[in-house]
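The file start_18.pdb contains PDB, C-alpha atoms and all ligand atoms:
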```pdb
ATOM      1  CA  MET A   1     -18.373  -2.431  17.958
ATOM      2  CA  THR A   2     -17.749   0.483  20.282
ATOM      3  CA  SER A   3     -15.201   2.869  18.947
ATOM      4  CA  ILE A   4     -11.665   2.064  19.958
ATOM      5  CA  THR A   5      -9.256   4.886  20.456
ATOM      6  CA  ARG A   6      -5.529   4.899  20.848
ATOM      7  CA  ARG A   7      -6.011   5.848  24.485
ATOM      8  CA  THR A   8      -8.326   2.928  25.291
ATOM      9  CA  ILE A   9      -5.851   0.511  23.721
ATOM     10  CA  LEU A  10      -2.987   1.973  25.715
ATOM     11  CA  LEU A  11      -5.057   1.985  28.883
ATOM     12  CA  ALA A  12      -5.914  -1.665  28.342
ATOM     13  CA  ALA A  13      -2.259  -2.487  27.736
ATOM     14  CA  SER A  14      -1.356  -0.472  30.809
ATOM     15  CA  ALA A  15      -3.839  -2.376  32.948
ATOM     16  CA  LEU A  16      -1.958  -5.502  31.957
ATOM     17  CA  GLY A  17       1.145  -3.876  33.306
ATOM     18  CA  ALA A  18       2.838  -3.507  29.975
ATOM     19  CA  VAL A  19       2.871   0.193  29.303
ATOM     20  CA  GLY A  20       3.731   2.749  31.939
ATOM     21  CA  LEU A  21       0.847   5.202  31.857
ATOM     22  CA  THR A  22       1.820   7.076  34.963
ATOM     23  CA  ALA A  23       1.578  10.796  35.483
ATOM     24  CA  GLY A  24       4.063  12.528  33.268
ATOM     25  CA  ILE A  25       5.025   9.454  31.247
ATOM     26  CA  ALA A  26       2.245   8.956  28.767
ATOM     27  CA  PHE A  27       3.799   6.249  26.638
ATOM     28  CA  ALA A  28       6.430   3.624  27.030
ATOM     29  CA  ASP A  29       9.516   3.939  24.856
ATOM     30  CA  LEU A  30       9.937   2.007  21.656
ATOM     31  CA  PRO A  31      11.499  -1.423  22.109
ATOM     32  CA  VAL A  32      15.225  -1.418  21.446
ATOM     33  CA  LEU A  33      16.934  -3.636  18.916
ATOM     34  CA  ALA A  34      20.262  -5.034  19.990
ATOM     35  CA  LYS A  35      23.134  -4.972  17.525
ATOM     36  CA  LYS A  36      23.778  -8.546  16.482
ATOM     37  CA  ASP A  37      25.443 -10.412  13.638
ATOM     38  CA  THR A  38      22.274 -12.187  12.699
ATOM     39  CA  TYR A  39      18.574 -11.834  13.426
ATOM     40  CA  LYS A  40      15.336 -13.724  13.316
ATOM     41  CA  VAL A  41      12.943 -11.350  11.589
ATOM     42  CA  GLY A  42       9.223 -11.625  10.873
ATOM     43  CA  PHE A  43       7.523 -10.498   7.692
ATOM     44  CA  ALA A  44       3.725 -10.511   7.907
ATOM     45  CA  GLN A  45       2.429 -10.273   4.338
ATOM     46  CA  THR A  46      -1.214  -9.421   3.552
ATOM     47  CA  GLU A  47      -1.891 -11.746   0.623
ATOM     48  CA  SER A  48      -0.112 -13.204  -2.385
ATOM     49  CA  ASN A  49      -2.718 -12.962  -5.107
ATOM     50  CA  ASN A  50      -0.948 -10.469  -7.319
ATOM     51  CA  PRO A  51       2.462  -9.745  -8.883
ATOM     52  CA  TRP A  52       3.003  -6.726  -6.631
ATOM     53  CA  ARG A  53       2.806  -8.834  -3.454
ATOM     54  CA  ILE A  54       4.905 -11.612  -4.969
ATOM     55  CA  ALA A  55       7.605  -9.124  -6.012
ATOM     56  CA  GLN A  56       7.602  -7.611  -2.524
ATOM     57  CA  THR A  57       7.930 -10.999  -0.832
ATOM     58  CA  GLU A  58      10.760 -12.002  -3.190
ATOM     59  CA  SER A  59      12.572  -8.753  -2.471
ATOM     60  CA  MET A  60      12.296  -9.278   1.302
ATOM     61  CA  GLN A  61      13.380 -12.924   1.095
ATOM     62  CA  ALA A  62      16.320 -12.148  -1.187
ATOM     63  CA  LYS A  63      17.664  -9.433   1.123
ATOM     64  CA  ALA A  64      17.223 -11.566   4.256
ATOM     65  CA  LYS A  65      19.088 -14.402   2.552
ATOM     66  CA  GLU A  66      21.887 -12.108   1.435
ATOM     67  CA  LEU A  67      22.304 -10.891   5.025
ATOM     68  CA  GLY A  68      22.076 -14.411   6.438
ATOM     69  CA  PHE A  69      19.028 -13.547   8.568
ATOM     70  CA  GLN A  70      16.288 -16.005   9.355
ATOM     71  CA  LEU A  71      12.975 -14.760   7.914
ATOM     72  CA  VAL A  72       9.724 -15.939   9.490
ATOM     73  CA  TYR A  73       7.248 -15.362   6.664
ATOM     74  CA  THR A  74       3.472 -15.462   6.938
ATOM     75  CA  ASP A  75       0.761 -14.834   4.355
ATOM     76  CA  ALA A  76      -2.540 -13.567   5.766
ATOM     77  CA  ALA A  77      -4.355 -14.639   2.570
ATOM     78  CA  GLY A  78      -6.421 -11.472   2.507
ATOM     79  CA  SER A  79      -7.654 -11.664   6.105
ATOM     80  CA  ALA A  80      -6.833  -8.955   8.620
ATOM     81  CA  ALA A  81      -7.849 -11.328  11.429
ATOM     82  CA  LYS A  82      -5.354 -13.924  10.198
ATOM     83  CA  GLN A  83      -2.695 -11.248   9.941
ATOM     84  CA  VAL A  84      -3.228 -10.320  13.597
ATOM     85  CA  ALA A  85      -2.853 -14.013  14.485
ATOM     86  CA  ASP A  86       0.285 -14.214  12.315
ATOM     87  CA  VAL A  87       1.869 -11.332  14.218
ATOM     88  CA  ASN A  88       0.932 -12.927  17.543
ATOM     89  CA  SER A  89       2.580 -16.136  16.431
ATOM     90  CA  MET A  90       5.754 -14.226  15.498
ATOM     91  CA  ILE A  91       5.718 -12.653  18.957
ATOM     92  CA  ALA A  92       5.398 -16.126  20.499
ATOM     93  CA  GLN A  93       8.356 -17.303  18.402
ATOM     94  CA  GLY A  94      10.457 -14.471  19.790
ATOM     95  CA  VAL A  95      11.460 -12.753  16.578
ATOM     96  CA  ASP A  96      13.797  -9.766  16.947
ATOM     97  CA  LEU A  97      11.747  -7.420  14.760
ATOM     98  CA  ILE A  98       8.540  -7.566  12.738
ATOM     99  CA  PHE A  99       8.026  -6.120   9.269
ATOM    100  CA  LEU A 100       4.285  -5.710   8.910
ATOM    101  CA  ALA A 101       2.304  -4.776   5.793
ATOM    102  CA  PRO A 102      -0.977  -3.960   7.567
ATOM    103  CA  ARG A 103      -3.831  -5.016   5.311
ATOM    104  CA  GLU A 104      -6.215  -2.436   6.752
ATOM    105  CA  GLU A 105      -5.638   0.704   8.802
ATOM    106  CA  LYS A 106      -7.626  -0.153  11.955
ATOM    107  CA  PRO A 107      -7.780  -3.956  12.433
ATOM    108  CA  LEU A 108      -3.992  -4.312  12.669
ATOM    109  CA  ILE A 109      -3.659  -1.832  15.547
ATOM    110  CA  PRO A 110      -3.921  -4.566  18.217
ATOM    111  CA  ALA A 111      -1.075  -6.448  16.498
ATOM    112  CA  VAL A 112       1.140  -3.352  16.539
ATOM    113  CA  MET A 113       0.353  -2.777  20.217
ATOM    114  CA  ALA A 114       0.901  -6.434  21.135
ATOM    115  CA  ALA A 115       4.371  -6.385  19.572
ATOM    116  CA  LYS A 116       5.212  -3.165  21.369
ATOM    117  CA  LYS A 117       4.057  -4.676  24.640
ATOM    118  CA  ALA A 118       6.220  -7.742  24.000
ATOM    119  CA  GLY A 119       9.230  -5.492  23.398
ATOM    120  CA  ILE A 120       9.488  -6.308  19.689
ATOM    121  CA  PRO A 121      10.028  -3.376  17.314
ATOM    122  CA  VAL A 122       7.702  -3.121  14.327
ATOM    123  CA  ILE A 123       8.416  -1.503  10.971
ATOM    124  CA  LEU A 124       5.366  -0.946   8.768
ATOM    125  CA  LEU A 125       5.899  -1.734   5.112
ATOM    126  CA  ASP A 126       3.940  -0.311   2.170
ATOM    127  CA  ARG A 127       0.662   0.322   4.072
ATOM    128  CA  ASN A 128       0.081   2.445   7.124
ATOM    129  CA  VAL A 129      -2.157   2.155  10.183
ATOM    130  CA  ASP A 130      -4.674   4.696  11.460
ATOM    131  CA  GLN A 131      -2.616   7.617  12.725
ATOM    132  CA  SER A 132      -5.107   8.514  15.450
ATOM    133  CA  LEU A 133      -4.666   5.017  16.961
ATOM    134  CA  ALA A 134      -0.931   4.370  16.668
ATOM    135  CA  LYS A 135       2.052   6.545  15.933
ATOM    136  CA  ALA A 136       5.474   6.119  14.398
ATOM    137  CA  GLY A 137       8.212   6.750  16.918
ATOM    138  CA  GLU A 138       5.907   5.756  19.788
ATOM    139  CA  ASP A 139       4.080   2.561  18.926
ATOM    140  CA  TYR A 140       6.091   1.374  15.942
ATOM    141  CA  ILE A 141       9.375   2.543  14.492
ATOM    142  CA  THR A 142       8.410   3.921  11.120
ATOM    143  CA  PHE A 143       6.331   3.531   7.999
ATOM    144  CA  ILE A 144       8.276   2.784   4.815
ATOM    145  CA  GLY A 145       6.205   3.527   1.743
ATOM    146  CA  SER A 146       4.770   5.857  -0.856
ATOM    147  CA  ASP A 147       2.791   9.044  -0.539
ATOM    148  CA  PHE A 148      -0.559   7.641  -1.665
ATOM    149  CA  ILE A 149      -2.344  10.999  -1.526
ATOM    150  CA  ASP A 150       0.263  12.364  -3.889
ATOM    151  CA  GLU A 151      -0.100   9.346  -6.197
ATOM    152  CA  GLY A 152      -3.826  10.082  -6.578
ATOM    153  CA  LYS A 153      -3.175  13.778  -7.013
ATOM    154  CA  ARG A 154      -0.561  13.213  -9.721
ATOM    155  CA  MET A 155      -2.964  11.001 -11.618
ATOM    156  CA  ALA A 156      -5.717  13.636 -11.435
ATOM    157  CA  GLU A 157      -3.306  16.327 -12.608
ATOM    158  CA  TRP A 158      -2.208  14.181 -15.533
ATOM    159  CA  LEU A 159      -5.836  13.657 -16.498
ATOM    160  CA  VAL A 160      -6.708  17.366 -16.388
ATOM    161  CA  LYS A 161      -3.671  18.150 -18.514
ATOM    162  CA  ASN A 162      -4.243  15.408 -21.059
ATOM    163  CA  LYS A 163      -8.036  15.504 -21.248
ATOM    164  CA  PRO A 164      -8.753  19.188 -20.663
ATOM    165  CA  ASP A 165     -12.349  18.990 -21.909
ATOM    166  CA  GLY A 166     -13.376  16.974 -18.873
ATOM    167  CA  ALA A 167     -14.286  13.388 -18.089
ATOM    168  CA  LYS A 168     -16.888  11.099 -16.585
ATOM    169  CA  ILE A 169     -14.893   8.876 -14.325
ATOM    170  CA  ILE A 170     -15.432   5.438 -12.808
ATOM    171  CA  GLU A 171     -13.146   4.900  -9.819
ATOM    172  CA  LEU A 172     -12.130   1.378  -8.760
ATOM    173  CA  GLU A 173     -11.022   1.585  -5.150
ATOM    174  CA  GLY A 174      -8.553  -0.707  -3.433
ATOM    175  CA  THR A 175      -9.237  -2.764  -0.326
ATOM    176  CA  THR A 176     -11.748  -0.970   1.904
ATOM    177  CA  GLY A 177     -10.072   0.424   5.000
ATOM    178  CA  SER A 178      -6.522   0.114   3.630
ATOM    179  CA  SER A 179      -4.312   3.186   3.644
ATOM    180  CA  PRO A 180      -3.534   3.137  -0.118
ATOM    181  CA  ALA A 181      -7.237   2.903  -0.982
ATOM    182  CA  ASN A 182      -8.182   5.695   1.413
ATOM    183  CA  ASP A 183      -5.400   7.983   0.287
ATOM    184  CA  ARG A 184      -5.377   7.276  -3.449
ATOM    185  CA  LYS A 185      -9.050   8.201  -3.396
ATOM    186  CA  LYS A 186      -8.490  11.284  -1.276
ATOM    187  CA  GLY A 187      -5.670  12.646  -3.434
ATOM    188  CA  PHE A 188      -7.487  12.038  -6.712
ATOM    189  CA  ASP A 189     -10.972  13.162  -5.634
ATOM    190  CA  GLU A 190      -9.718  16.301  -3.909
ATOM    191  CA  ALA A 191      -7.611  17.337  -6.892
ATOM    192  CA  LEU A 192     -10.673  17.096  -9.151
ATOM    193  CA  ALA A 193     -13.207  18.587  -6.739
ATOM    194  CA  GLY A 194     -14.635  21.758  -8.221
ATOM    195  CA  MET A 195     -12.922  21.221 -11.588
ATOM    196  CA  ALA A 196     -15.511  22.060 -14.218
ATOM    197  CA  GLY A 197     -16.316  19.109 -16.466
ATOM    198  CA  PHE A 198     -14.697  16.429 -14.302
ATOM    199  CA  GLU A 199     -17.162  14.159 -12.581
ATOM    200  CA  ILE A 200     -16.639  10.907 -10.673
ATOM    201  CA  VAL A 201     -19.833   9.114 -11.673
ATOM    202  CA  ALA A 202     -19.203   6.024  -9.529
ATOM    203  CA  SER A 203     -16.611   4.827  -7.031
ATOM    204  CA  GLN A 204     -16.590   1.308  -5.679
ATOM    205  CA  THR A 205     -14.107  -1.153  -4.238
ATOM    206  CA  GLY A 206     -12.534  -3.875  -6.357
ATOM    207  CA  ASP A 207     -10.397  -5.009  -3.407
ATOM    208  CA  PHE A 208      -7.144  -4.479  -5.364
ATOM    209  CA  ALA A 209      -7.991  -7.738  -7.193
ATOM    210  CA  ARG A 210      -8.152  -8.391 -10.921
ATOM    211  CA  ASP A 211     -11.347 -10.364 -11.164
ATOM    212  CA  LYS A 212     -13.205  -8.235  -8.639
ATOM    213  CA  GLY A 213     -12.056  -5.179 -10.596
ATOM    214  CA  ARG A 214     -13.371  -6.742 -13.791
ATOM    215  CA  GLN A 215     -16.756  -7.527 -12.259
ATOM    216  CA  VAL A 216     -17.176  -4.101 -10.680
ATOM    217  CA  ALA A 217     -16.056  -2.346 -13.880
ATOM    218  CA  GLU A 218     -18.548  -4.406 -15.874
ATOM    219  CA  ALA A 219     -21.454  -3.427 -13.593
ATOM    220  CA  LEU A 220     -20.451   0.232 -13.406
ATOM    221  CA  LEU A 221     -19.979   0.501 -17.185
ATOM    222  CA  GLN A 222     -23.502  -0.802 -17.625
ATOM    223  CA  ALA A 223     -24.861   1.741 -15.151
ATOM    224  CA  HIS A 224     -22.779   4.576 -16.654
ATOM    225  CA  PRO A 225     -22.383   3.904 -20.375
ATOM    226  CA  ASP A 226     -21.144   7.456 -20.936
ATOM    227  CA  ALA A 227     -18.132   7.028 -18.620
ATOM    228  CA  ASN A 228     -14.926   7.739 -20.536
ATOM    229  CA  VAL A 229     -12.261   7.275 -17.859
ATOM    230  CA  ILE A 230     -11.596   4.442 -15.407
ATOM    231  CA  TYR A 231      -9.233   5.271 -12.560
ATOM    232  CA  ALA A 232      -8.082   2.063 -10.866
ATOM    233  CA  HIS A 233      -6.175   2.162  -7.569
ATOM    234  CA  ASN A 234      -3.858  -0.601  -8.812
ATOM    235  CA  ASP A 235      -2.707  -2.472 -11.900
ATOM    236  CA  GLU A 236      -4.633  -5.622 -11.133
ATOM    237  CA  MET A 237      -7.976  -3.803 -11.188
ATOM    238  CA  ALA A 238      -6.874  -1.807 -14.247
ATOM    239  CA  MET A 239      -6.221  -5.070 -16.107
ATOM    240  CA  GLY A 240      -9.626  -6.327 -14.935
ATOM    241  CA  ALA A 241     -11.211  -3.106 -16.223
ATOM    242  CA  ILE A 242      -9.560  -3.574 -19.616
ATOM    243  CA  ALA A 243     -11.079  -7.059 -19.831
ATOM    244  CA  ALA A 244     -14.505  -5.618 -18.907
ATOM    245  CA  LEU A 245     -14.197  -2.890 -21.538
ATOM    246  CA  GLU A 246     -13.221  -5.329 -24.250
ATOM    247  CA  ALA A 247     -16.054  -7.686 -23.288
ATOM    248  CA  ALA A 248     -18.440  -4.726 -23.613
ATOM    249  CA  GLY A 249     -17.132  -3.990 -27.103
ATOM    250  CA  LYS A 250     -15.321  -0.822 -26.055
ATOM    251  CA  VAL A 251     -11.760   0.043 -26.985
ATOM    252  CA  PRO A 252      -9.557   0.869 -24.005
ATOM    253  CA  GLY A 253      -7.410   3.901 -24.783
ATOM    254  CA  LYS A 254      -9.950   5.190 -27.326
ATOM    255  CA  ASP A 255     -13.478   4.962 -25.907
ATOM    256  CA  VAL A 256     -12.317   4.885 -22.312
ATOM    257  CA  LEU A 257      -8.968   5.943 -20.843
ATOM    258  CA  VAL A 258      -7.667   3.618 -18.134
ATOM    259  CA  LEU A 259      -5.469   5.058 -15.368
ATOM    260  CA  SER A 260      -3.574   2.893 -12.906
ATOM    261  CA  ILE A 261      -1.161   2.807  -9.992
ATOM    262  CA  ASP A 262       1.712   0.319  -9.329
ATOM    263  CA  GLY A 263       3.609   0.051 -12.609
ATOM    264  CA  GLY A 264       4.174  -3.665 -12.957
ATOM    265  CA  LYS A 265       5.553  -4.959 -16.258
ATOM    266  CA  GLU A 266       2.156  -5.958 -17.596
ATOM    267  CA  ALA A 267       0.698  -2.492 -16.967
ATOM    268  CA  VAL A 268       3.695  -0.612 -18.355
ATOM    269  CA  GLN A 269       3.479  -2.842 -21.448
ATOM    270  CA  ALA A 270      -0.241  -1.960 -21.626
ATOM    271  CA  VAL A 271       0.799   1.713 -21.775
ATOM    272  CA  VAL A 272       3.118   0.858 -24.680
ATOM    273  CA  ASP A 273       0.198  -0.941 -26.339
ATOM    274  CA  GLY A 274      -2.146   2.002 -25.775
ATOM    275  CA  LYS A 275      -4.543   0.163 -23.456
ATOM    276  CA  ILE A 276      -3.548   2.018 -20.296
ATOM    277  CA  ALA A 277      -3.146   5.786 -20.609
ATOM    278  CA  ALA A 278      -0.902   6.429 -17.597
ATOM    279  CA  VAL A 279       0.444   4.721 -14.466
ATOM    280  CA  VAL A 280       1.858   6.151 -11.254
ATOM    281  CA  GLU A 281       4.552   3.797 -10.053
ATOM    282  CA  CYS A 282       4.460   2.241  -6.591
ATOM    283  CA  ASN A 283       7.510   0.033  -6.378
ATOM    284  CA  PRO A 284       7.245  -3.233  -4.391
ATOM    285  CA  ARG A 285      10.976  -3.892  -4.053
ATOM    286  CA  PHE A 286      11.186  -3.113  -0.346
ATOM    287  CA  GLY A 287      13.964  -5.495   0.718
ATOM    288  CA  PRO A 288      17.000  -3.187   0.586
ATOM    289  CA  LYS A 289      15.306  -0.236   2.272
ATOM    290  CA  ALA A 290      13.547  -2.386   4.886
ATOM    291  CA  PHE A 291      16.733  -4.048   6.133
ATOM    292  CA  GLU A 292      18.773  -0.868   5.854
ATOM    293  CA  THR A 293      16.240   0.909   8.083
ATOM    294  CA  MET A 294      16.426  -1.970  10.539
ATOM    295  CA  ALA A 295      20.232  -1.686  10.623
ATOM    296  CA  ARG A 296      20.017   2.059  11.232
ATOM    297  CA  TYR A 297      17.643   1.419  14.117
ATOM    298  CA  ALA A 298      19.891  -1.239  15.630
ATOM    299  CA  ALA A 299      22.779   1.239  15.391
ATOM    300  CA  GLY A 300      20.818   3.613  17.612
ATOM    301  CA  GLU A 301      19.837   6.129  14.950
ATOM    302  CA  ALA A 302      16.616   8.066  15.409
ATOM    303  CA  ILE A 303      14.461   6.973  12.500
ATOM    304  CA  GLU A 304      12.218   9.473  10.756
ATOM    305  CA  PRO A 305       8.490   8.581  11.148
ATOM    306  CA  TRP A 306       8.065   8.085   7.416
ATOM    307  CA  VAL A 307      10.751   6.630   5.161
ATOM    308  CA  LYS A 308       9.323   7.822   1.898
ATOM    309  CA  ASN A 309       9.468   5.977  -1.408
ATOM    310  CA  ILE A 310       9.693   8.182  -4.467
ATOM    311  CA  ASP A 311       7.437   7.058  -7.314
ATOM    312  CA  ALA A 312       8.052   7.323 -11.052
ATOM    313  CA  PHE A 313       5.329   7.982 -13.629
ATOM    314  CA  TYR A 314       4.681   6.126 -16.872
ATOM    315  CA  ASP A 315       2.810   7.386 -19.902
ATOM    316  CA  PRO A 316       3.374   7.063 -23.653
ATOM    317  CA  SER A 317       6.325   9.448 -23.414
ATOM    318  CA  ASN A 318       8.519   6.968 -21.477
ATOM    319  CA  ALA A 319       6.775   3.581 -21.135
ATOM    320  CA  LYS A 320       8.761   1.884 -23.902
ATOM    321  CA  ASP A 321      12.084   2.752 -22.260
ATOM    322  CA  GLU A 322      10.903   1.769 -18.785
ATOM    323  CA  VAL A 323       9.146  -1.524 -19.387
ATOM    324  CA  ALA A 324      12.307  -3.598 -18.913
ATOM    325  CA  ASN A 325      12.905  -2.094 -15.466
ATOM    326  CA  ALA A 326       9.338  -2.547 -14.254
ATOM    327  CA  TYR A 327       8.788  -5.340 -11.731
TER
HETATM  328  O1  LIG B 401      -0.677  -0.836  -4.822
HETATM  329  C1  LIG B 401      -1.425  -3.029  -4.468
HETATM  330  C2  LIG B 401      -1.232  -3.958  -3.383
HETATM  331  O2  LIG B 401      -0.167  -1.531  -0.370
HETATM  332  C3  LIG B 401       0.921  -0.129  -1.872
HETATM  333  O3  LIG B 401      -1.238  -3.112  -2.255
HETATM  334  C4  LIG B 401       0.317  -1.456  -1.653
HETATM  335  C5  LIG B 401      -0.798  -1.843  -2.618
HETATM  336  C6  LIG B 401      -0.464  -1.955  -4.081
HETATM  337  O4  LIG B 401      -2.097  -5.028  -3.266
HETATM  338  O5  LIG B 401      -1.273  -3.503  -5.755
END
```
Since I need it in another form, could you write the structure as structure tokens?
Amino acid sequence: MTSITRRTILLAASALGAVGLTAGIAFADLPVLAKKDTYKVGFAQTESNNPWRIAQTESMQAKAKELGFQLVYTDAAGSAAKQVADVNSMIAQGVDLIFLAPREEKPLIPAVMAAKKAGIPVILLDRNVDQSLAKAGEDYITFIGSDFIDEGKRMAEWLVKNKPDGAKIIELEGTTGSSPANDRKKGFDEALAGMAGFEIVASQTGDFARDKGRQVAEALLQAHPDANVIYAHNDEMAMGAIAALEAAGKVPGKDVLVLSIDGGKEAVQAVVDGKIAAVVECNPRFGPKAFETMARYAAGEAIEPWVKNIDAFYDPSNAKDEVANAY
């Protein structure tokens, strides 16, 4: 595939007469959202194969119901191509606004641009798109979500503090090309770069999925029997890694420290049980903030390009007290 740039996409859209790319006006304005009593809103979910996604969907549905809005919900079942089609179908149905959780950073760009062209505002939820191809405040309203670079960095800092003699680390990456996988890796790897004694011996994707995480952990533990830390980009892969460790006769928490991100109930309980050493929270309950941001936009407020979620941190010092609140 030839490389697509933000400019080529906009030029293509412009050729179709959608975006005014005339001298002086580089980009069309964001679509406006009329103030109404009720709305028909789209929510394009990436997949539903884990508790994080299910909790997010429930949170969105509950808030829409409370507000009396109609929610057009789609599940892309792990396919970026299907997610693009889902967004196109929402556009065809004339929704007022689209909440999109873009599975990967680049493939969802055409969906964002198509909605913009159709005059439908888009709010990105929990994952971002490639910032060189589309921009908040120009192509979509805003990104609501965590600072994934910081999540990775905090985990690395915790590790250095709690295992000062160093570590041989296996990294289980999230979905290739997704913003949390890219940034959780960046934040963690950069924080450890040049730190004496800390070595990432292998880093491979487990697609944010439990069984894939288990399989990849099993293979990497065989290739690197001296690894003593597994850093998983989410709880599902961390739980898969624990299963792989136990199957290999190793004791998670003793032979190998497992680090995770998300902070679902099962993982926070695993911290209490000593199987996971630490978890950076990434809370999936987006409903209240998503619809509040939409209301602010409809009221004519200028929305900041990034509505940031603040993440908690769980380790043995607080896990017991927090487990009841975890999703
Ligand atoms: O960590 C993971 C989910 O995009 C922040 O996606 C989200 C991530 C979350 O599948 O468990």
* Please extract the residues at most 7 Å from ligand LIG 401 (chain B), counting all atoms listed in the file, and provide them as a VMD selection string, using the chain letters and residue numbers of this document. => chain A and resid 50 52 to 53 126 to 127 180 208 233 to 236 261 to 262 282
* Asked: If you count only C-alpha atoms, which residues fall within 8 Å of A:Gln83, apart from same-chain ones fewer than 4 positions away, as a list of chain:residue names?
  ->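 Neighbouring residues, sequence-local ones excluded: A:Ala44, A:Gln45, A:Thr46, A:Asp75, A:Ala76, A:Ser79, A:Val87, A:Pro102, A:Arg103, A:Leu108.
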Output C-alpha atoms for every residue in that selection, as an mmCIF file, keeping the file's coordinate frame.
```cif
data_model
loop_
_atom_site.group_PDB
_atom_site.id
_atom_site.type_symbol
_atom_site.label_atom_id
_atom_site.label_comp_id
_atom_site.auth_asym_id
_atom_site.auth_seq_id
_atom_site.Cartn_x
_atom_site.Cartn_y
_atom_site.Cartn_z
ATOM 1 C CA ALA A 44 3.725 -10.511 7.907
ATOM 2 C CA GLN A 45 2.429 -10.273 4.338
ATOM 3 C CA THR A 46 -1.214 -9.421 3.552
ATOM 4 C CA ASP A 75 0.761 -14.834 4.355
ATOM 5 C CA ALA A 76 -2.540 -13.567 5.766
ATOM 6 C CA SER A 79 -7.654 -11.664 6.105
ATOM 7 C CA VAL A 87 1.869 -11.332 14.218
ATOM 8 C CA PRO A 102 -0.977 -3.960 7.567
ATOM 9 C CA ARG A 103 -3.831 -5.016 5.311
ATOM 10 C CA LEU A 108 -3.992 -4.312 12.669
#
```
* Determine the nearest neighbour of A:Asp207 from the options A:Gly78, A:Gly194, A:Pro284, A:Gly300, counting only C-alpha atoms. =>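 The answer is A:Gly78, which sits nearest to A:Asp207.
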* For A:Lys265: contacts at 6 Å, all atoms listed in the file, fewer than 3 positions along chain excluded, given as a ChimeraX atom specification -> /A:268-269,323,326-327
* May I have the residues within 12 Å of stretch 184-186 of chain A as a ChimeraX atom specification, using all atoms listed in the file and disregarding those fewer than 3 positions away in the same chain? => /A:127,146-156,170-181,189-193,200,203-205,231-234,260-262,280,282
Can you report as AutoDock Vina command-line options the centre and edge lengths in Å, to one decimal, of an axis-aligned box around the listed atoms of stretch 170-189 of chain A padded with 6 Å on each side?
```
--center_x -9.5 --center_y 5.2 --center_z -3.9 --size_x 23.9 --size_y 27.9 --size_z 29.8
```
* To do: Could you please determine the separation between atom CA of A:Ala299 and atom CA of A:Phe43 in Å, to one decimal place?
  =>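 Computing the Euclidean distance for atom CA of A:Ala299 and atom CA of A:Phe43 yields 20.7 Å.
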* To do: Mind giving me the straight-line distance from atom CA of A:Lys320 to atom CA of A:Asp183 in Å, one decimal?
  => 28.7 Å
Select from stretch 243-314 of chain A every residue with an atom at most 12 Å from any atom of stretch 31-36 of chain A, then for each give the shortest pair of atoms and their distance in Å to one decimal, using all atoms listed in the file, rows by chain and rising number, as a Markdown table.
```
| residue | atom | partner | partner_atom | distance |
| --- | --- | --- | --- | --- |
| A:Thr293 | CA | A:Leu33 | CA | 11.8 |
| A:Met294 | CA | A:Leu33 | CA | 8.6 |
| A:Ala295 | CA | A:Lys35 | CA | 8.2 |
| A:Arg296 | CA | A:Lys35 | CA | 9.9 |
| A:Tyr297 | CA | A:Leu33 | CA | 7.0 |
| A:Ala298 | CA | A:Leu33 | CA | 5.0 |
| A:Ala299 | CA | A:Lys35 | CA | 6.6 |
| A:Gly300 | CA | A:Leu33 | CA | 8.3 |
| A:Glu301 | CA | A:Leu33 | CA | 10.9 |
| A:Ala302 | CA | A:Val32 | CA | 11.3 |
```
* atom CA of A:Met90 to atom CA of A:Asn182, distance in Å rounded to a single decimal -> 28.1 Å
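Shortest atom-to-atom contact with A:Thr57 among A:Ala243, A:Ala81, A:Val201, A:Leu100: A:Leu100, counting all atoms listed in the file.
Using all atoms listed in the file, the nearest neighbour of A:Lys163 within the list A:Tyr314, A:Asp37, A:Val256, A:Leu245 is A:Val256.
Within 6 Å of stretch 271-278 of chain A, once all atoms listed in the file are used and residues closer than 5 positions along the same chain are dropped, the contacting residues are A:Pro252, A:Gly253, A:Leu257, A:Val258, A:Leu259, A:Tyr314, A:Asp315, A:Ala319, A:Lys320.
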Quick one: residues within 9 Å of A:Glu304, only C-alpha atoms, excluding same-chain residues fewer than 4 positions away - as a PDB file with C-alpha atoms, in the coordinates of the input?
```pdb
ATOM      1  CA  ALA A 136       5.474   6.119  14.398  1.00  0.00           C
ATOM      2  CA  GLY A 137       8.212   6.750  16.918  1.00  0.00           C
ATOM      3  CA  ILE A 141       9.375   2.543  14.492  1.00  0.00           C
ATOM      4  CA  THR A 142       8.410   3.921  11.120  1.00  0.00           C
ATOM      5  CA  PHE A 143       6.331   3.531   7.999  1.00  0.00           C
TER       6      PHE A 143
END
```
* Asked: Mind telling me what the PyMOL selection byres (((chain A and resi 64) around 12) and not hetatm) catches here, as a ChimeraX atom specification?
  -> /A:38-43,57-63,65-73,99,286-292,294
